[in-house]
Amino acid sequence: MNAFTLKNGQLYAESVALSDIAARFGTPCYVYSRTALEAALDEYLQELMGVDALVCFAVKANGNLAILDVFSRLGAGFDIVSGGELKRVLAADGDPKKVVFSGVGKSREEMKLALEHNIFCFNVESAPELERLNEVAGVLGKKAPISLRVNPNVDPKTHPYISTGLKKNKFGVAYDDALSLYQHAVTLPNLEITGIDCHIGSQLLDPSPFAEALDKILILVDQLASNGIQLRHIDLGGGLGIRYKDEQEPTVKSYLQPLLTKLKGRGLKIILEPGRRLVGNAGVLLTKIEYLKPGEAKNFAIVDAAMNDLARPALYDAWHEIVPVQPRHDAPRTWEIVGPICETGDFIGHDRSLALKAGDLLAVLSAGAYGMTMSSNYNSRPRAAEVMVDGSIVHLIRHRETEEALYALESRLP
Ligand SMILES: *Cc1c(COP(=O)(O)O)cnc(C)c1O
C-alpha cells in the first residue's frame, strides 16, 4: 500500500498535498498516513485470522500517541523496552494486559510499574534479571508472568548493528543455558513461567532465518515439556523488513505461513512484535531546501532536516529515497542532500540525481520507523512536528518543539 503518490504533478499523502502540510505546519515535519498504518497491521491480522495470536507493535519504532492509538483501536498490543514506553501505551489508552516488556536492562522501578499494571509478560533476558524480578514481584505480593528471551544463534543476514540473535550479541540468554534457567525460574516463588521468546534482528528480507529460529525454539519447548514445564505462548519477535530502495519486500504471508504451519496443533498462543514493518513505509519526512551550494567536487543541497531529525543515514549508512514534492522538468544534477548540523556525517542522502531549486520541498520516504523516535536536539534543534493524514483530514499529532523547551529543565548557577 503506497499512500504517498504523485497527483497532478505533486506529491500527496492520501488526499492531502504535502505542500499544503508544509505551508500549514512548517518543515521539517514527519507525515504519516493512517490508511497505510492500518493496512500494514491488517496484513498481519488477515494471516492470523482464526489463530490464537497477538500482534504487539514495537513502540520503539514510533511511539507517538496517535500511532499507538491507531493500532490499539484495531486490537493490537505493544512490545515495550522501557517504563517510558509503558506510560506512552497507557496514555494512548492501550491495554496493559496486551503488553510484553523486552530489554536487557529493566530497572526495579520499571518492573514495579509494569507489575502494577498487570502486563501480559516480561521477556527476561538474563539470570540476574530473573532474581530481581522475583524480588520486586514478591514485595508487591504479585506473581510476574515471564518468558525467557532465548538466543537461537541464527544469522539474520542483516546489518550488524541490527542483528540481535547471534551468540556475540548482548541480547537474550544463551540457547544452551535456557533449559537450566527455566528450571531455576520454576523454583522462584514470585514468577510464573508463561512462555518463550526470541527476536533475531531487524530488517530481515529473507524470511528463512525466522523458520530456522522457530525450529530451534520448538526443540526447547519440547525439552521443557518433558521436564514438566508447559508453556502457554511463544513470542517470535519482530524484524520483518521493508522496501527502502529496490529490495524485494517479503510478504507477511510468506513470513507467517511457514511459522504457522510449524506451530499448528501445539496449543501455543503466538505473539509477534513487528515494529518497522507496521510504520516504516507509512511515514515520510518533509523538508525544505535552504540553499543550493554547487561545488567543484560535489553539489550540496542543504535542507532544513538533519541527522538529529533522521539519524538512520548517519548511523547505519541507511538509504532513504528522496523525492521532490513538486518535481521539476529541468535536467537533473547529482546532489548530496545534507542537513545544517556541524558534522560531516550529517547527510540524508548521497549522489541523488534530481532537478532542484532553493526553496523546493523534498520528501524523505520510508521514514516512519526509527525516525522520530531516534531524533535528538543536537545543535539545539527543536524536534520536528508530526502530522497524521486520514483521507482529507490532517491531524497535528505533535507540535514542533520550541527552542525554549529545549532548556526549560536547565538552570543557571545560583
Ligand atoms: C526492536 C525490537 C522489535 C522490533 O523490531 P523491528 O525490526 O522494528 O520489527 C521487536 N522486538 C524486540 C525485542 C526489539 O528489540
# chains A, B, ... in the order shown; residues from 1 in each chain; ligands from 1
call {"tool": "residues_around", "arguments": {"residues": "segment 371-386 of chain A", "least_positions_apart": "5", "cutoff": "10 Å", "atoms": "only C-alpha atoms", "output": "NGL selection string"}}
result
:A and (25-32 or 59-64 or 66 or 280 or 283-287 or 305-312 or 340-342 or 366 or 395-407)
call {"tool": "residues_near_ligand", "arguments": {"ligand": "ligand 1", "cutoff": "9 Å", "atoms": "only C-alpha atoms and all ligand atoms", "output": "ChimeraX atom specification"}}
result
/A:56-61,79-81,101-103,123,149,162,164,171,197-204,236-241,272-280,369-370
call {"tool": "residues_around", "arguments": {"residues": "Asn134 of chain A", "least_positions_apart": "3", "cutoff": "7 Å", "atoms": "only C-alpha atoms", "output": "list in words"}}
result
Leu130, Glu131, Ala137, Gly138, Leu188, Asn190 and Leu191 of chain A
call {"tool": "closest_residue", "arguments": {"among": "A:Ala76, A:Val139, A:Leu356, A:Ala282", "to": "Asn2 of chain A", "atoms": "only C-alpha atoms"}}
result
A:Ala282
call {"tool": "atom_distance", "arguments": {"atom1": "atom CA of Asp93 of chain A", "atom2": "atom CA of Cys121 of chain A"}}
result
18.3 Å
call {"tool": "residues_around", "arguments": {"residues": "Val136 of chain A", "least_positions_apart": "6", "cutoff": "12 Å", "atoms": "only C-alpha atoms", "output": "list of chain:residue names"}}
result
A:Lys106, A:Ser107, A:Arg108, A:Glu109, A:Glu110, A:Met111, A:Lys112, A:Leu113, A:Ala114, A:Leu115, A:Glu116, A:Glu129, A:Leu130, A:Lys142, A:Lys143, A:Ala144, A:Leu188, A:Pro189, A:Asn190, A:Leu191
call {"tool": "residues_around", "arguments": {"residues": "Arg352 of chain A", "least_positions_apart": "4", "cutoff": "7 Å", "atoms": "only C-alpha atoms", "output": "PyMOL selection string"}}
result
chain A and resi 334-336
call {"tool": "write_last_selection", "arguments": {"atoms": "C-alpha atoms", "output": "PDB file, in the first residue's frame"}}
result
ATOM      1  CA  THR A 334      23.867  14.935  -8.827  1.00  0.00           C
ATOM      2  CA  TRP A 335      23.387  16.242  -5.295  1.00  0.00           C
ATOM      3  CA  GLU A 336      24.479  15.487  -1.776  1.00  0.00           C
TER       4      GLU A 336
END
call {"tool": "select_by_dssp", "arguments": {"residues": "segment 86-238 of chain A", "states": "alpha helix (DSSP H)", "output": "VMD selection string"}}
result
chain A and resid 86 to 91 108 to 116 127 to 140 175 to 187 208 to 226
call {"tool": "closest_residue", "arguments": {"among": "A:Gly345, A:Pro209, A:Pro156, A:Gly391", "to": "Ala17 of chain A", "atoms": "only C-alpha atoms"}}
result
A:Gly391
call {"tool": "select_by_dssp", "arguments": {"residues": "segment 125-165 of chain A", "states": "strand (DSSP E)", "output": "PyMOL selection string"}}
result
chain A and resi 144-151
call {"tool": "residues_around", "arguments": {"residues": "Tyr255 of chain A", "least_positions_apart": "5", "cutoff": "9 Å", "atoms": "only C-alpha atoms", "output": "compact mmCIF listing (two decimals) with N, CA, C and O atoms, in the first residue's frame"}}
result
# COMPACT_ATOMS: atom_id res chain seq x y z
N ASP A 206 14.88 -11.88 4.00
CA ASP A 206 14.73 -13.30 3.71
C ASP A 206 14.07 -13.92 4.94
O ASP A 206 14.65 -13.88 6.03
N PRO A 207 12.85 -14.45 4.80
CA PRO A 207 12.16 -14.95 5.99
C PRO A 207 12.70 -16.28 6.52
O PRO A 207 12.30 -16.70 7.60
N SER A 208 13.63 -16.93 5.81
CA SER A 208 14.03 -18.28 6.25
C SER A 208 14.69 -18.31 7.64
O SER A 208 14.50 -19.28 8.37
N PHE A 210 13.76 -16.84 10.25
CA PHE A 210 12.69 -16.91 11.26
C PHE A 210 12.27 -18.37 11.47
O PHE A 210 12.06 -18.80 12.61
N ALA A 211 12.17 -19.11 10.37
CA ALA A 211 11.76 -20.51 10.47
C ALA A 211 12.86 -21.33 11.15
O ALA A 211 12.58 -22.21 11.97
N LEU A 240 10.64 -8.18 10.54
CA LEU A 240 10.36 -8.32 9.10
C LEU A 240 10.71 -7.01 8.39
O LEU A 240 10.34 -5.92 8.82
N PRO A 250 9.53 -9.05 1.49
CA PRO A 250 8.77 -10.29 1.68
C PRO A 250 7.33 -9.96 2.09
O PRO A 250 7.11 -8.97 2.80
call {"tool": "residues_around", "arguments": {"residues": "segment 225-234 of chain A", "least_positions_apart": "2", "cutoff": "7 Å", "atoms": "only C-alpha atoms", "output": "list in words"}}
result
Thr194, Gly195, Ile196, Asp197, Val221, Asp222, Gln223, Leu236, Leu268, Lys269, Ile270 and Ile271 of chain A
call {"tool": "atom_distance", "arguments": {"atom1": "atom CA of Ala36 of chain A", "atom2": "atom CA of Asn281 of chain A"}}
result
7.6 Å
call {"tool": "atom_distance", "arguments": {"atom1": "atom CA of Arg34 of chain A", "atom2": "atom CA of Asp390 of chain A"}}
result
5.3 Å
call {"tool": "closest_residue", "arguments": {"among": "A:Ser33, A:Val99, A:Lys264, A:Gln248", "to": "Asp52 of chain A", "atoms": "only C-alpha atoms"}}
result
A:Lys264
